[in-house]
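Asker: Structure in structure tokens, see below.
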Amino acid sequence: MCGIAGVWSDKINNHASILDKILQAQNHRGPDNCSSYSINDLYLGHNRLAIIDLTESANQPMVSHCGRYVIVFNGEIYNYTELKAQLDYSFSTSSDTEVLLASFIQWGEELLPKLNGMFAFAVYDIHEDSLFIARDRIGKKPLVYSEHQTGFYFASELAALYGTGVFSSEIDEIGVGYSFLRNFRHVPEPHTKYKQIRRLEPAHAMVVKKGIVQRKWCYWSPDFCVDSSITKNDVRDVIDSAVSIRERADVEIATLLSGGVDSSIITGLMVEHGLKPRAFCLRADEEETKRAEFVAQHFGVSLEVFSYDKELQEELYTQLSKIYGEEVRLLPLTHAARLYREISKQNIKVVMTGLGADEIFYGYDGANRQMLFSDIVKFLEVLPKGLLSGFEKIFSSSKELKLLFELAQRENARRKGYLYKKEADGKGLNNHDYSQLLNYWADKVNATSYIDSANWLGLITENAHSITISSDLPAMMYSIETRAPFLDYRVIELALRIDAHRKISKKSGRANNKLILKQAFEYLIPEHILYASKKGFGYGIKNEKFNG
């Protein structure tokens, strides 16, 4: 878990000073070491947070034994031990960085499907004079870049890159426009708030030569073909494996424990694996805190509960926005920052979280309503469009009924995009077709129902503020790495092949979201925790002065 940066240009002579500015601004991402490497007109830099192989030999930038390849890498490759056994390479470290470098040497671009981890990395091939850059499937690790008239630049953080003074302050009105529509609370990839700086999208890679992106492509998308043979044991096994490989580290691993289903599962599995992680919780309402205390006692782990300090809220939000370089309108970011601030005082570098389960197992409030809406639209879509159009007019006085007939007239992959365009038009945002970004991601999968398509879009782009941004930004502000087993690509792929009706169903006559997930861990988690009413992170924290 680190920060990476690069400056590649034959038109400037201050590469080192520009790189140094980026690394200084990103120092919180990796305070254990800061190093750089230059070859030809390329300068690469790295801020290191040492997690695996704590020795200096694992510092970056790292050069291959043959001297042809140089890598800078932010993240963790959890299956590095399995990959290492397949590689014909003489290793001099026990780091996952060297395994990643050797994997690229042996497999080239084909290494990406083999990686299980969170990553943003760049490998320079000196012979080809080319840069290969890739980002993990869900975008847990950030990467921004610019094809500028003076050269090619990249970094882990927007504010760090923009702070070099190289780039224009011209605003990307389209990217900012998206951030004010429907579910977005952030500027989505590939946009940033600045026209001259882009974000590499999740599950994308690119090749750069002579300062120009020669090729960029998406290397992964999940399959939504329903597999009725998947059992609750399959769900348990894949999540168990995801937790297990994330327990690999040369430092202590703690856990965030809210007392909810997802964090309780993670904590329980760690204990089942023989660990006794320290658990941390942010006090919200008393019911949630009591749940966390019960789970901690149940599994025999220590729990430290921190109270939220309202007086720090605006200060923390200002710091987060400054580091991120843009506004993210999400109040729980300050809750997370408060928690990580206290955890960092205990010299903890790694924590496990339950992020991602709600997106793939459909756990959010309103999921039952969304399921009903999706089923009705699917039933209506077989009717002739002329008839649907007529019904739309007949029921125009009812907002929900009118929307049902509107969406039923459109392809499933286009429904969410249609809603964005409709809202943008209503707000007078006519500078762009705001359905495009949603359609791009919807077209990557074969989802045939609205609920599946909508939740895929929530996972990969809409809810990044509460998944990938919220797991990276507040934690890295205090030099802490977060690991999210539910975002293991194997868990995602399995979950998205499960019929939505098995995730959103009834137990004992009462609606239950994430049902198959809960059923998978009935052996581990007490029933009154599994089937308690949902509490979101910071659910009980109130502050009228801040509107996020």
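Naming works like this for the structure tokens: A, B, ... for the chains as they're shown, residue 1 at the start of each chain, ligands 1 onward in shown order.
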Set the distance at 10 Å and use only C-alpha atoms: which residues neighbour Tyr420 (chain A) once local chain neighbours fewer than 6 positions away are removed? I'd like the list as a ChimeraX atom specification.
Answerer: /A:178,181-183,426,433-438
Asker: Which residues are near region 452-463 of chain A? Cut-off 6 Å, only C-alpha atoms, ignore same chain within fewer than 4 positions. Put them as JSON, numbers by chain.
Answerer: {"A": [183, 184, 359, 447]}
Asker: Please determine, counting only C-alpha atoms, which residue among A:Ser258, A:Arg369, A:Gly3, A:Gln519 has the shortest atom-to-atom distance to Glu400 (chain A).
Answerer: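 Result for the nearest residue to Glu400 (chain A): A:Arg369.
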Asker: I'd like the contact shell of Trp217 (chain A) - 10 Å cut-off, only C-alpha atoms, skipping same-chain residues fewer than 3 positions apart - returned as a VMD selection string.
Answerer: chain A and resid 134 201 203 to 207 220
Asker: Pick out the closest residue to Ile253 (chain A) from this set: A:Gly268, A:Gly175, A:Pro332, A:Pro277. Count only C-alpha atoms.
Answerer: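 Smallest separation from Ile253 (chain A) among the options: A:Pro277.
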Asker: Out of region 290-325 of chain A, which residues get alpha helix (DSSP H) from DSSP, as a VMD selection string?
Answerer: chain A and resid 290 to 299 313 to 324
Asker: My list of candidates is A:Gln86, A:Thr289, A:Gln26, A:Thr353. Which is closest to Ala254 (chain A) when distances are computed with only C-alpha atoms?
Answerer: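 Looking at the shortest contact to Ala254 (chain A), the residue is A:Thr353.
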Asker: What does the structure give for the distance between CA of Ile360 (chain A) and CA of Val251 (chain A), in Å to one decimal?
Answerer: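 Going from CA of Ile360 (chain A) over to CA of Val251 (chain A) covers 29.6 Å.
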Asker: May I have all residues of region 363-527 of chain A that DSSP, computed from the backbone, assigns to strand (DSSP E), given as a PyMOL selection string?
Answerer: chain A and resi 481-483+505-507+510-512
Asker: Write the residues you've just listed into a file as a PDB file, in the first residue's frame, and include C-alpha atoms for each of them.
Answerer:
ATOM      1  CA  GLU A 481      -4.205  -0.037   4.478  1.00  0.00           C
ATOM      2  CA  THR A 482      -7.742  -1.424   4.298  1.00  0.00           C
ATOM      3  CA  ARG A 483      -8.480  -4.917   3.011  1.00  0.00           C
ATOM      4  CA  SER A 505     -36.244 -12.872   0.172  1.00  0.00           C
ATOM      5  CA  LYS A 506     -38.162 -13.621   3.336  1.00  0.00           C
ATOM      6  CA  LYS A 507     -37.216 -15.512   6.469  1.00  0.00           C
ATOM      7  CA  ARG A 510     -40.031 -11.041   7.333  1.00  0.00           C
ATOM      8  CA  ALA A 511     -38.130  -9.461   4.457  1.00  0.00           C
ATOM      9  CA  ASN A 512     -34.378  -9.989   4.621  1.00  0.00           C
TER      10      ASN A 512
END
